[in-house]
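This report concerns only the one structure given below.
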Number of protein chains: 6
Amino acid sequence: MTSIDLQLIRDALLEALREDIGSGDITSRAVIPAEARACARYTSKQPLVVAGVPVAEQIVRLVDPMLEFKTLEPEATSVSAGTPIAEIRGSARSILTAERTSLNLLQRMCGIATLTRRYVERIQGTGARIVDTRKTVPGLRVLDKYAVTCGGGMNHRMGLFDGVLIKNNHIAFHESAGKAVQAGRSRLGHLVKIEVEVRNLDELKTALNSGADVILLDNFNPETTRQAVTLVGGRVPLESSGGITLETVRDFAEAGVDYISVGALTHSVPAADIHLRITPE
Amino acid sequence: MTSIDLQLIRDALLEALREDIGSGDITSRAVIPAEARACARYTSKQPLVVAGVPVAEQIVRLVDPMLEFKTLEPEATSVSAGTPIAEIRGSARSILTAERTSLNLLQRMCGIATLTRRYVERIQGTGARIVDTRKTVPGLRVLDKYAVTCGGGMNHRMGLFDGVLIKNNHIAFHESAGKAVQAGRSRLGHLVKIEVEVRNLDELKTALNSGADVILLDNFNPETTRQAVTLVGGRVPLESSGGITLETVRDFAEAGVDYISVGALTHSVPAADIHLRITPE
Amino acid sequence: MTSIDLQLIRDALLEALREDIGSGDITSRAVIPAEARACARYTSKQPLVVAGVPVAEQIVRLVDPMLEFKTLEPEATSVSAGTPIAEIRGSARSILTAERTSLNLLQRMCGIATLTRRYVERIQGTGARIVDTRKTVPGLRVLDKYAVTCGGGMNHRMGLFDGVLIKNNHIAFHESAGKAVQAGRSRLGHLVKIEVEVRNLDELKTALNSGADVILLDNFNPETTRQAVTLVGGRVPLESSGGITLETVRDFAEAGVDYISVGALTHSVPAADIHLRITPE
Amino acid sequence: MTSIDLQLIRDALLEALREDIGSGDITSRAVIPAEARACARYTSKQPLVVAGVPVAEQIVRLVDPMLEFKTLEPEATSVSAGTPIAEIRGSARSILTAERTSLNLLQRMCGIATLTRRYVERIQGTGARIVDTRKTVPGLRVLDKYAVTCGGGMNHRMGLFDGVLIKNNHIAFHESAGKAVQAGRSRLGHLVKIEVEVRNLDELKTALNSGADVILLDNFNPETTRQAVTLVGGRVPLESSGGITLETVRDFAEAGVDYISVGALTHSVPAADIHLRITPE
Amino acid sequence: MTSIDLQLIRDALLEALREDIGSGDITSRAVIPAEARACARYTSKQPLVVAGVPVAEQIVRLVDPMLEFKTLEPEATSVSAGTPIAEIRGSARSILTAERTSLNLLQRMCGIATLTRRYVERIQGTGARIVDTRKTVPGLRVLDKYAVTCGGGMNHRMGLFDGVLIKNNHIAFHESAGKAVQAGRSRLGHLVKIEVEVRNLDELKTALNSGADVILLDNFNPETTRQAVTLVGGRVPLESSGGITLETVRDFAEAGVDYISVGALTHSVPAADIHLRITPE
Amino acid sequence: MTSIDLQLIRDALLEALREDIGSGDITSRAVIPAEARACARYTSKQPLVVAGVPVAEQIVRLVDPMLEFKTLEPEATSVSAGTPIAEIRGSARSILTAERTSLNLLQRMCGIATLTRRYVERIQGTGARIVDTRKTVPGLRVLDKYAVTCGGGMNHRMGLFDGVLIKNNHIAFHESAGKAVQAGRSRLGHLVKIEVEVRNLDELKTALNSGADVILLDNFNPETTRQAVTLVGGRVPLESSGGITLETVRDFAEAGVDYISVGALTHSVPAADIHLRITPE
């Protein structure tokens with residue numbers, strides 16, 4: 001993440017802190033002496049892929065700019081259980097106040113990166129790539145999508161504004177997928193590609209003739225996917241989508257598609273197990 | 001959710017829409033006629049507990065106040081797969097633009113309610129209650145916690161501001177859990193209860209004598225939990241916490257604790273499977 | 001105030017500056033040379049209790065991060081008239097632009113702390129404590145409540161979110177204060193205490209039996225307060241409230257209550273007399 | 001207040017509600033049935049001048065747009081103790097949630113209007129007018145200044161942006177008050193008047209010759225004020241300022257000045273005593 | 001503009017009003033009776049293309065939701081001088097307060113649409129299309145770009161996020177335009193097209209071989225443009241850019257390019273001459 | 001611009017960046033190595049008056065606080081074509097991301113300053129001054145008006161809040177311009193001047209007798225302007241307004257008015273031609 005990418009989410013991070021801290025961290029204020037100092041380490045409790053340390057750092061700095069923050073593992077690294085990922089040093093109260101919000105973000109982002117990496121490894125050696133979807137947590141899409149790239153996945157469009165995907169719900173307003181594509185083409189700019197969703201080989205044929213740039217095979221099985229690949233013969237890239245799991249992903253990849261999109265990377269991600277061990281100094 | 005609760009998250013919902021729509025929904029604008037109208041139904045594709053329909057409604061109204069929105073199933077209802085939960089009618093473009101953001105929120109909230117309900121049902125007949133944690137998605141805590149109540153769970157504190165929980169990371173700055181509780185008591189207001197985390201029966205004893213209002217048994221197993229319950233003898237409420245799963249939750253409930261907190265309700269929730277079927281009118 | 005507490009009110013402080021400065025401080029711009037430098041001191045013109053210097057400092061830094069700010073008296077100190085409390089040095093224009101907004105905040109906060117201290121001193125030697133209310137200036141509650149603590153008072157709840165106080169307006173929807181408490185108990189979390197307001201000794205008895213954690217004696221006089229204390233016999237803490245003044249506060253304290261809440265601490269506070277003497281350098 | 005004036009403070013009012021309600025009004029939620037309805041009346045408990053009912057109305061509508069709000073007394077009216085000022089009808093929970101924030105604003109604004117009216121009445125029959133200052137509560141200046149007009153006072157400048165007042169702290173950077181005025185004149189636009197503060201008759205003379213449009217007599221007593229009025233002979237308007245009280249204000253007015261500014265109107269205002277009686281329906 | 005597009009710029013419009021109205025429209029308040037009513041018409045004083053009426057309407061509604069607004073000419077219509085475009089009816093004060101901000105937006109947007117239409121008409125009958133650039137006024141890009149479409153132009157990318165344009169400043173970090181394109185291709189998603197800027201025919205050749213999707217001819221003259229068209233032979237679309245004026249635009253269009261981008265459409269647009277005639281009622 | 005003036009527009013500048021960068025600068029991210037460094041210079045391509053370099057600097061710092069920014073030409077300087085105005089050094093990606101937004105602001109502000117300077121020079125030696133209007137781009141008024149002062153112009157009022165200008169649309173609600181002025185005078189504060197617009201010599205006479213402080217001659221020609229000057233005889237300042245161009249401005253100045261307001265300075269300003277040359281380091 002670049003400096004400006006972090007700057008543009010600053011307000012969202014501050015809201016996350018406001019949501020947790022509100023009128024004050026009454027526990028730390030009552031229990032921890034104002035002058036107490038501590039050292040704390042974000043440490044993995046499971047093997048994981050690191051993602052989000054710069055975000056945790058920004059949370060920490062928002063809570064208290066005097067805290068020292070040291071990154072111990074670079075983004076996108078695979079680490080084993082028990083690895084210290086980052087370290088903070090300074091006011092004990094500030095560290096305790098920042099703990100939960102920074103962990104919530106870090107655990108989610110590492111969770112996404114770790115799950116993505118498993119998909120990516122599962123299809124290694126095939127020509128396919130894992131891509132994400134718009135099924136992200138509202139308010140945190142840039143973080144979710146960044147974490148996918150840390151895991152080795154590729155981002156699909158960021159939103160409705162930067163890519164065209166004509167889905168069944170759009171096609172329903174036209175005679176065919178092909179007609180929908182043609183309608184779109186005439187109104188879209190010269191830097192815009194059109195991807196269209198098809199549900200069977202017949203729709204695939206009309207889409208192919210309509211000038212779509214990318215075709216999404218919605219809920220095809222590996223066998224019909226293979227037929228689709230043959231039928232298309234490399235004329236446009238193909239994307240598999242719909243209920244693909246770690247168990248089935250390689251079958252799709254070997255069927256020859258170019259992209260496999262997986263909603264579960266972001267909509268049902270298990271938080272990575274990370275905790276913050278705090279030591280008084 | 002009351003009117004003002006929704007009003008207070010209005011800006012967060014608008015940001016969620018801005019994140020997805022940005023400079024415009026270029027697909028709908030290019031492919032759907034401006035005057036096309038449609039009817040759409042949010043329909044479950046799995047058994048689930050409903051939560052978040054008022055939030056989906058507010059998303060829909062933000063996108064287009066002219067859309068008609070009809071709630072078909074009340075909050076906290078269990079529905080089977082294939083049940084229509086809510087219905088929208090109006091501009092097709094507006095419905096398509098609102099689709100993903102409203103679904104992302106609804107799927108998360110129903111996912112949380114559904115998972116919570118499973119925990120609640122698993123301990124039915126015991127005196128224990130399922131409670132949530134602060135391990136929520138940054139920016140959406142009120143929605144996550146509200147969904148827990150739809151599932152039949154009880155909310156723990158909302159943040160650092162409205163409840164005191166003295167955890168190991170706080171106790172580390174004191175001689176004992178008991179000393180930490182006493183330090184807190186002298187500085188806290190008269191409406192504030194103190195909950196303290198203990199890791200074993202010895203710590204439990206000092207906490208008990210220190211005047212804690214609630215004691216959290218951190219990572220106890222069912223057997224030591226049972227001993228703790230006996231030892232405390234009803235003098236203060238007890239809360240079990242730490243890695244409790246659907247498989248083990250009943251063992252803890254039957255050990256006699258009052259509350260069981262489950263981080264997974266919100267930190268690793270699988271999105272409920274819901275889709276929006278859109279029909280041109 | 002911790003770093004993050006100040007960070008969370010930063011936008012409110014910036015709005016306070018925007019309200020005063022708007023499209024520009026036209027007087028300083030026209031009358032003071034851009035390169036003029038000055039030294040300025042916030043100086044008390046009456047005996048007062050210091051509160052809010054870190055807030056004044058943040059105002060000054062928002063106006064011009066190049067200004068040097070030196071705190072001369074720590075928070076919660078009693079100072080006599082004529083005492084310099086803080087000092088600024090740097091651009092004369094910046095100092096003049098920051099003057100009024102920083103003074104408005106500082107005078108209000110010192111005013112609250114000073115008034116609170118008078119109440120606290122008046123009841124010295126009794127076991128009672130002075131607490132505040134929610135009758136604060138909209139938008140500045142955390143500052144008002146912090147100033148109360150500088151004066152030696154204790155904070156009651158911060159808002160509707162972090163404490164339960166069942167008042168007459170709530171009880172009106174139930175048969176009795178006791179029934180209202182019971183209704184609340186069944187729906188509230190395990191970290192929540194219930195305080196209930198009673199208007200006479202009969203209501204006090206039903207409240208006591210209902211399991212309230214704290215009882216507020218609304219508009220009791222010192223004599224009935226004494227009877228209430230006897231009746232309760234230490235089973236729950238008691239709070240006196242309603243029109244208590246500097247003249248009457250000791251009578252209530254000596255009647256034996258634990259807490260005395262005083263709305264006037266924040267709703268009718270006279271600004272402390274402080275000015276900023278500016279000297280060209 | 002016009003529609004747009006209220007619109008421009010909408011975010012500040014929403015922040016005031018957020019500050020009080022935060023993650024939810026837990027008392028009303030627990031104690032009041034969701035379907036309970038009530039009628040409530042804002043009623044004076046002292047003689048007062050009404051100011052701020054439209055602001056209370058907006059607070060009420062932000063909490064719940066379904067609440068009916070009826071204004072019973074127009075702005076700027078003098079009412080006796082026991083007068084109903086406005087009435088709300090609808091959801092009991094919503095009314096209870098809106099109670100404190102709307103009262104806090106209404107009590108402050110009526111307090112300011114009532115105090116201003118007392119000053120205005122004290123100088124009746126003289127040619128002088130009461131004006132306010134910038135000593136307002138940060139964040140609420142437009143409300144404070146509007147309340148002054150309800151009391152019959154006149155607004156001085158709104159901030160640093162819409163009027164020039166050269167004070168001692170500015171003059172310190174020049175040889176004399178007159179030089180400061182001349183410096184300002186050459187740099188200011190054609191719609192800008194210059195007011196200058198003088199501390200004695202000598203300064204008054206130089207200011208008069210420098211072309212100031214208005215002269216402020218800082219901490220003059222009534223006798224020197226009278227001399228100043230004679231000396232100026234109507235060439236420019238004069239404003240008295242500095243520690244003027246209800247006891248002394250008429251002496252200044254009778255000395256012949258045009259304006260008398262009173263900081264206490266807004267910096268030390270006692271809240272008017274108003275309460276909200278709620279009746280279940 | 002759809003409902004949500006207007007909703008997403010609501011805060012920017014409110015800021016525009018705040019900038020003009022601030023602490024209040026003191027002229028209307030002093031000069032116009034509160035109860036005065038008026039009818040007002042936005043009327044062209046020159047031939048122009050209509051753009052921005054829905055934006056003016058939203059401004060008017062923000063100022064006063066009770067004002068009636070009637071659109072008289074649809075977006076993208078060419079009208080002659082003296083044509084009423086829209087009409088408002090209601091409070092005279094509100095109309096006067098909304099006048100300038102609504103006119104500033106409407107005049108700019110009609111100015112852009114009118115200028116764009118002239119370019120579009122100038123190249124009629126050729127296959128080329130007029131496109132805009134990112135040289136818009138900061139804060140109003142969606143309005144500027146929407147106005148371009150009202151004039152018949154086509155939008156280029158909305159920002160850095162939704163399209164790739166490799167310019168000379170990027171190519172400087174690579175051996176050649178072609179190398180830069182290849183570097184980009186390997187890191188970009190499957191819905192992203194790459195446009196690359198070339199300064200002469202040699203660069204054009206390497207770009208063509210590198211797999212660019214669109215090529216921008218930077219500062220070519222009509223003659224070299226013609227050679228470029230021949231050289232490319234329809235393999236990729238071509239865009240002319242750089243200092244193209246109404247005088248020269250047709251030469252480029254006739255040279256055979258597909259797109260002609262014109263920065264002046266938005267960076268140097270003369271405001272269309274429109275005024276608001278207000279009639280008391 | 002002072003530090004606080006820049007601080008108060010910080011959010012507007014951040015929105016300008018968000019509008020351009022959104023979910024990320026995909027070109028730089030794909031094409032420029034993360035570690036590449038560059039030097040870049042803002043260089044004039046036409047003779048111009050410098051305005052806005054501090055604003056460009058703040059844009060650059062918001063994008064990346066590690067970038068070094070060096071101002072090479074002070075504000076308000078006239079420079080010839082080919083002059084470097086400012087220089088940045090640091091991360092190549094950051095520079096490329098900041099390029100367009102900083103240029104858009106700088107080009108507009110220099111454009112305004114340059115055009116203003118031409119008007120100012122055209123009337124040199126007369127006693128008249130060039131002033132601006134409220135016809136600025138919504139959201140950027142303080143920048144537009146500041147740029148006018150860099151060009152040597154004088155600011156008229158900043159908005160509706162800091163000056164009274166009674167225009168034809170106000171006078172329509174009164175019998176005459178004079179009556180409107182009198183109505184205003186009785187309700188306005190002592191620091192407020194009244195300017196009134198007149199359309200002919202008759203209106204001028206009634207305005208003069210009504211006590212207006214400044215009179216605006218709306219759409220007078222140079223000849224009637226001369227008559228107006230004679231008629232007024234220096235009793236109040238006069239301002240010419242309405243369609244005045246570089247060709248006609250001197251005629252008005254020589255007719256003897258004090259101020260000449262020119263809407264075109266800000267509503268139809270051609271962007272100054274400036275570019276950013278970036279050199280890899």
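Chain labels A, B, ... are given in the sequence in which chains occur in the structure tokens; within each chain residues are numbered consecutively from 1, and ligands are likewise numbered from 1 in the order shown.
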
Practice prompt. Excluding Asp213 in chain C and any residue of its chain fewer than 3 positions from it, enumerate the residues within 10 Å of it, using only C-alpha atoms, and give them as a count of residues only.
Written response: 15

Practice prompt. Check every residue of chain A for an atom within 9 Å of chain D, counting only C-alpha atoms, and provide those that qualify as a ChimeraX atom specification.
Written response: /A:19,22-23

Just N, CA and C atoms for this one: save the residues we selected as a CSV table (one decimal), in the first residue's frame.
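Full text of result33.csv as output:
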```csv
chain,number,residue,atom,x,y,z
A,19,GLU,N,-15.3,3.7,17.1
A,19,GLU,CA,-16.3,2.7,17.4
A,19,GLU,C,-15.9,1.9,18.6
A,22,GLY,N,-14.6,5.2,21.7
A,22,GLY,CA,-15.7,6.1,22.0
A,22,GLY,C,-15.2,7.1,23.1
A,23,SER,N,-16.0,7.2,24.2
A,23,SER,CA,-15.7,8.2,25.2
A,23,SER,C,-14.5,7.8,26.1
```

Fill in: Sel. of strand (DSSP E or B) residues, range 25-186 of chain B, as JSON, numbers by chain
{"B": [37, 38, 39, 40, 41, 42, 43, 44, 48, 49, 68, 69, 70, 71, 78, 79, 84, 85, 86, 87, 88, 89, 90, 91, 129, 130, 131, 154, 164, 165, 166]}

Item to complete: Write out as an NGL selection string which residues come within 7 Å of Val120 in chain A when counting only C-alpha atoms, dropping same-chain ones fewer than 4 positions away.
Response: :A and (116 or 124 or 130 or 152-153)

With N, CA and C atoms kept, could you save the residues just selected as a tab-separated table (two decimals), in the first residue's frame?
```tsv
chain	number	residue	atom	x	y	z
A	116	THR	N	-6.30	-17.12	0.37
A	116	THR	CA	-5.99	-16.91	-1.05
A	116	THR	C	-4.77	-17.76	-1.44
A	124	GLN	N	-1.24	-24.37	-8.72
A	124	GLN	CA	0.11	-24.13	-9.23
A	124	GLN	C	0.42	-25.03	-10.44
A	130	ILE	N	-6.13	-17.01	-9.67
A	130	ILE	CA	-7.23	-16.81	-8.73
A	130	ILE	C	-7.59	-15.33	-8.68
A	152	GLY	N	-1.33	-13.67	-3.32
A	152	GLY	CA	-0.96	-14.13	-4.65
A	152	GLY	C	-2.13	-14.12	-5.63
A	153	GLY	N	-3.27	-13.67	-5.18
A	153	GLY	CA	-4.42	-13.58	-6.08
A	153	GLY	C	-4.36	-12.29	-6.90
```

Shell around Phe252 in chain F at 10 Å using only C-alpha atoms, local window under 6 positions removed, as a CSV table (one decimal) with all heavy atoms, in the first residue's frame:
```csv
chain,number,residue,atom,x,y,z
F,123,ILE,N,-5.4,49.3,-16.3
F,123,ILE,CA,-6.0,50.5,-15.7
F,123,ILE,C,-4.9,51.2,-14.9
F,123,ILE,O,-5.3,52.2,-14.1
F,123,ILE,CB,-7.2,50.2,-14.8
F,123,ILE,CG1,-6.8,49.3,-13.6
F,123,ILE,CG2,-8.3,49.6,-15.6
F,123,ILE,CD1,-8.0,49.3,-12.6
F,126,THR,N,-4.8,55.0,-13.2
F,126,THR,CA,-6.0,55.6,-12.8
F,126,THR,C,-6.2,55.3,-11.3
F,126,THR,O,-5.4,54.5,-10.8
F,126,THR,CB,-7.2,54.9,-13.6
F,126,THR,OG1,-7.4,53.5,-13.1
F,126,THR,CG2,-7.0,54.8,-15.1
F,128,ALA,N,-8.6,53.6,-10.0
F,128,ALA,CA,-9.6,52.4,-9.9
F,128,ALA,C,-8.9,51.1,-9.5
F,128,ALA,O,-7.7,51.0,-9.7
F,128,ALA,CB,-10.4,52.2,-11.1
F,220,PHE,N,-23.8,50.2,-16.7
F,220,PHE,CA,-23.7,51.6,-17.2
F,220,PHE,C,-22.6,51.5,-18.3
F,220,PHE,O,-21.7,50.6,-18.3
F,220,PHE,CB,-23.1,52.5,-16.1
F,220,PHE,CG,-24.2,53.0,-15.2
F,220,PHE,CD1,-25.1,52.2,-14.6
F,220,PHE,CD2,-24.2,54.4,-14.9
F,220,PHE,CE1,-26.1,52.6,-13.7
F,220,PHE,CE2,-25.2,54.9,-14.0
F,220,PHE,CZ,-26.1,54.0,-13.4
F,221,ASN,N,-22.7,52.4,-19.3
F,221,ASN,CA,-21.6,52.5,-20.3
F,221,ASN,C,-20.6,53.6,-19.8
F,221,ASN,O,-20.9,54.3,-18.8
F,221,ASN,CB,-22.1,52.8,-21.7
F,221,ASN,CG,-22.8,54.1,-21.8
F,221,ASN,OD1,-22.5,55.1,-21.0
F,221,ASN,ND2,-23.8,54.2,-22.6
F,222,PRO,N,-19.5,53.7,-20.4
F,222,PRO,CA,-18.5,54.7,-19.9
F,222,PRO,C,-19.1,56.1,-19.8
F,222,PRO,O,-18.8,56.8,-18.8
F,222,PRO,CB,-17.3,54.6,-20.9
F,222,PRO,CG,-17.4,53.2,-21.4
F,222,PRO,CD,-18.9,52.9,-21.4
F,223,GLU,N,-19.9,56.5,-20.7
F,223,GLU,CA,-20.4,57.9,-20.7
F,223,GLU,C,-21.4,58.1,-19.5
F,223,GLU,O,-21.2,59.1,-18.7
F,223,GLU,CB,-21.2,58.1,-22.0
F,223,GLU,CG,-21.8,59.5,-22.1
F,223,GLU,CD,-20.9,60.6,-21.8
F,223,GLU,OE1,-19.7,60.5,-22.0
F,223,GLU,OE2,-21.4,61.6,-21.2
F,224,THR,N,-22.3,57.2,-19.3
F,224,THR,CA,-23.2,57.3,-18.1
F,224,THR,C,-22.4,57.2,-16.8
F,224,THR,O,-22.8,57.7,-15.8
F,224,THR,CB,-24.4,56.4,-18.2
F,224,THR,OG1,-23.9,55.1,-18.4
F,224,THR,CG2,-25.4,56.8,-19.2
F,225,THR,N,-21.4,56.4,-16.9
F,225,THR,CA,-20.5,56.2,-15.7
F,225,THR,C,-19.9,57.5,-15.3
F,225,THR,O,-19.9,57.9,-14.1
F,225,THR,CB,-19.4,55.2,-16.0
F,225,THR,OG1,-20.0,53.9,-16.3
F,225,THR,CG2,-18.5,55.0,-14.8
F,226,ARG,N,-19.4,58.3,-16.3
F,226,ARG,CA,-18.8,59.6,-16.1
F,226,ARG,C,-19.9,60.5,-15.5
F,226,ARG,O,-19.6,61.2,-14.5
F,226,ARG,CB,-18.4,60.1,-17.4
F,226,ARG,CG,-17.3,61.2,-17.3
F,226,ARG,CD,-16.8,61.5,-18.7
F,226,ARG,NE,-16.3,60.4,-19.5
F,226,ARG,CZ,-15.1,59.9,-19.6
F,226,ARG,NH1,-14.1,60.5,-18.9
F,226,ARG,NH2,-14.8,58.9,-20.3
F,239,GLU,N,-18.7,51.5,-7.8
F,239,GLU,CA,-18.2,50.3,-8.4
F,239,GLU,C,-18.9,50.1,-9.8
F,239,GLU,O,-20.1,50.1,-9.8
F,239,GLU,CB,-18.5,49.1,-7.5
F,239,GLU,CG,-18.1,47.8,-8.0
F,239,GLU,CD,-18.3,46.7,-7.1
F,239,GLU,OE1,-18.4,46.9,-5.8
F,239,GLU,OE2,-18.4,45.5,-7.5
F,240,SER,N,-18.1,49.9,-10.8
F,240,SER,CA,-18.7,49.5,-12.1
F,240,SER,C,-18.8,48.0,-12.3
F,240,SER,O,-17.8,47.3,-11.8
F,240,SER,CB,-17.8,50.1,-13.3
F,240,SER,OG,-17.9,51.5,-13.3
F,241,SER,N,-19.8,47.5,-12.9
F,241,SER,CA,-20.0,46.1,-13.0
F,241,SER,C,-20.8,45.8,-14.2
F,241,SER,O,-21.7,46.6,-14.6
F,241,SER,CB,-20.7,45.6,-11.7
F,241,SER,OG,-20.7,44.2,-11.8
F,244,ILE,N,-17.8,44.0,-18.3
F,244,ILE,CA,-16.6,44.8,-18.6
F,244,ILE,C,-15.4,43.9,-19.1
F,244,ILE,O,-15.2,42.8,-18.5
F,244,ILE,CB,-16.2,45.6,-17.4
F,244,ILE,CG1,-17.3,46.6,-17.1
F,244,ILE,CG2,-14.9,46.3,-17.6
F,244,ILE,CD1,-17.2,47.2,-15.8
F,258,ASP,N,-14.3,54.0,-8.5
F,258,ASP,CA,-13.3,53.5,-7.5
F,258,ASP,C,-13.0,52.0,-7.7
F,258,ASP,O,-11.8,51.6,-7.5
F,258,ASP,CB,-13.8,53.8,-6.1
F,258,ASP,CG,-14.1,55.2,-5.9
F,258,ASP,OD1,-13.2,56.0,-5.6
F,258,ASP,OD2,-15.3,55.6,-6.0
F,259,TYR,N,-14.0,51.3,-8.1
F,259,TYR,CA,-13.8,49.8,-8.2
F,259,TYR,C,-14.5,49.3,-9.5
F,259,TYR,O,-15.5,49.9,-9.9
F,259,TYR,CB,-14.5,49.1,-7.0
F,259,TYR,CG,-14.0,49.6,-5.7
F,259,TYR,CD1,-14.7,50.5,-5.0
F,259,TYR,CD2,-12.7,49.2,-5.2
F,259,TYR,CE1,-14.2,51.0,-3.8
F,259,TYR,CE2,-12.2,49.7,-4.0
F,259,TYR,CZ,-13.0,50.6,-3.3
F,259,TYR,OH,-12.5,51.1,-2.2
F,260,ILE,N,-13.9,48.3,-10.1
F,260,ILE,CA,-14.4,47.7,-11.3
F,260,ILE,C,-14.4,46.2,-11.0
F,260,ILE,O,-13.4,45.6,-10.8
F,260,ILE,CB,-13.6,48.0,-12.5
F,260,ILE,CG1,-13.5,49.5,-12.7
F,260,ILE,CG2,-14.2,47.3,-13.8
F,260,ILE,CD1,-12.6,50.0,-13.8
```

When you look at Cys110 in chain B with a cut-off of 6 Å (counting only C-alpha atoms), what residues show up, excluding the ones that are within fewer than 6 positions of it in the same chain? I need them as a CSV table (one decimal) with N, CA and C atoms, in the first residue's frame.
```
chain,number,residue,atom,x,y,z
B,49,VAL,N,-31.3,-17.5,9.8
B,49,VAL,CA,-32.0,-16.6,10.6
B,49,VAL,C,-31.9,-15.2,10.1
B,50,VAL,N,-33.0,-14.6,9.9
B,50,VAL,CA,-33.0,-13.2,9.3
B,50,VAL,C,-32.5,-12.2,10.2
B,51,ALA,N,-31.6,-11.3,9.6
B,51,ALA,CA,-31.1,-10.2,10.4
B,51,ALA,C,-30.6,-9.2,9.4
B,272,ALA,N,-24.2,-15.8,4.9
B,272,ALA,CA,-25.3,-16.7,4.5
B,272,ALA,C,-25.6,-16.6,3.0
```

Leaving out Asp5 in chain B and any residue of its chain fewer than 4 positions from it, which residues lie within 9 Å of it when counting only C-alpha atoms, given as a short mmCIF file (atom, residue, chain, number, x, y, z; two decimals) with N, CA, C and O atoms, in the first residue's frame?
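Below you can see out_26.cif, which holds the result:
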```
data_model
loop_
_atom_site.label_atom_id
_atom_site.label_comp_id
_atom_site.auth_asym_id
_atom_site.auth_seq_id
_atom_site.Cartn_x
_atom_site.Cartn_y
_atom_site.Cartn_z
N MET B 1 -33.61 -2.47 15.23
CA MET B 1 -32.87 -1.22 15.17
C MET B 1 -33.86 -0.06 15.15
O MET B 1 -34.77 -0.06 14.32
N ILE B 9 -25.77 5.34 11.57
CA ILE B 9 -24.83 4.60 10.68
C ILE B 9 -25.02 5.00 9.22
O ILE B 9 -24.39 4.43 8.33
N ARG B 10 -25.89 5.99 8.98
CA ARG B 10 -26.17 6.40 7.60
C ARG B 10 -24.90 6.74 6.82
O ARG B 10 -24.73 6.32 5.68
N VAL B 142 -21.85 -2.11 15.38
CA VAL B 142 -23.25 -2.10 15.82
C VAL B 142 -24.09 -3.08 15.01
O VAL B 142 -25.03 -3.68 15.54
N ILE D 21 -26.04 9.33 22.40
CA ILE D 21 -26.67 8.03 22.14
C ILE D 21 -25.65 6.95 21.82
O ILE D 21 -25.79 5.79 22.23
N GLY D 22 -24.63 7.31 21.07
CA GLY D 22 -23.57 6.37 20.76
C GLY D 22 -24.09 5.03 20.28
O GLY D 22 -24.87 4.96 19.34
N SER D 23 -23.68 3.95 20.94
CA SER D 23 -24.08 2.62 20.49
C SER D 23 -25.51 2.26 20.90
O SER D 23 -25.95 1.14 20.65
N GLY D 24 -26.24 3.20 21.47
CA GLY D 24 -27.67 2.95 21.72
C GLY D 24 -28.14 3.38 23.10
O GLY D 24 -27.38 3.37 24.06
N VAL D 63 -33.89 12.14 15.41
CA VAL D 63 -34.04 10.91 16.20
C VAL D 63 -35.10 10.01 15.58
O VAL D 63 -34.93 8.80 15.48
#
```

Discussion item. I'd like the contact shell of Leu67 in chain E - 7 Å cut-off, only C-alpha atoms, skipping same-chain residues fewer than 4 positions apart - returned as an NGL selection string.
Written reply: :E and (61 or 88-91)

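CA of Ala253 in chain E is found 8.2 Å from CA of Arg129 in chain E.
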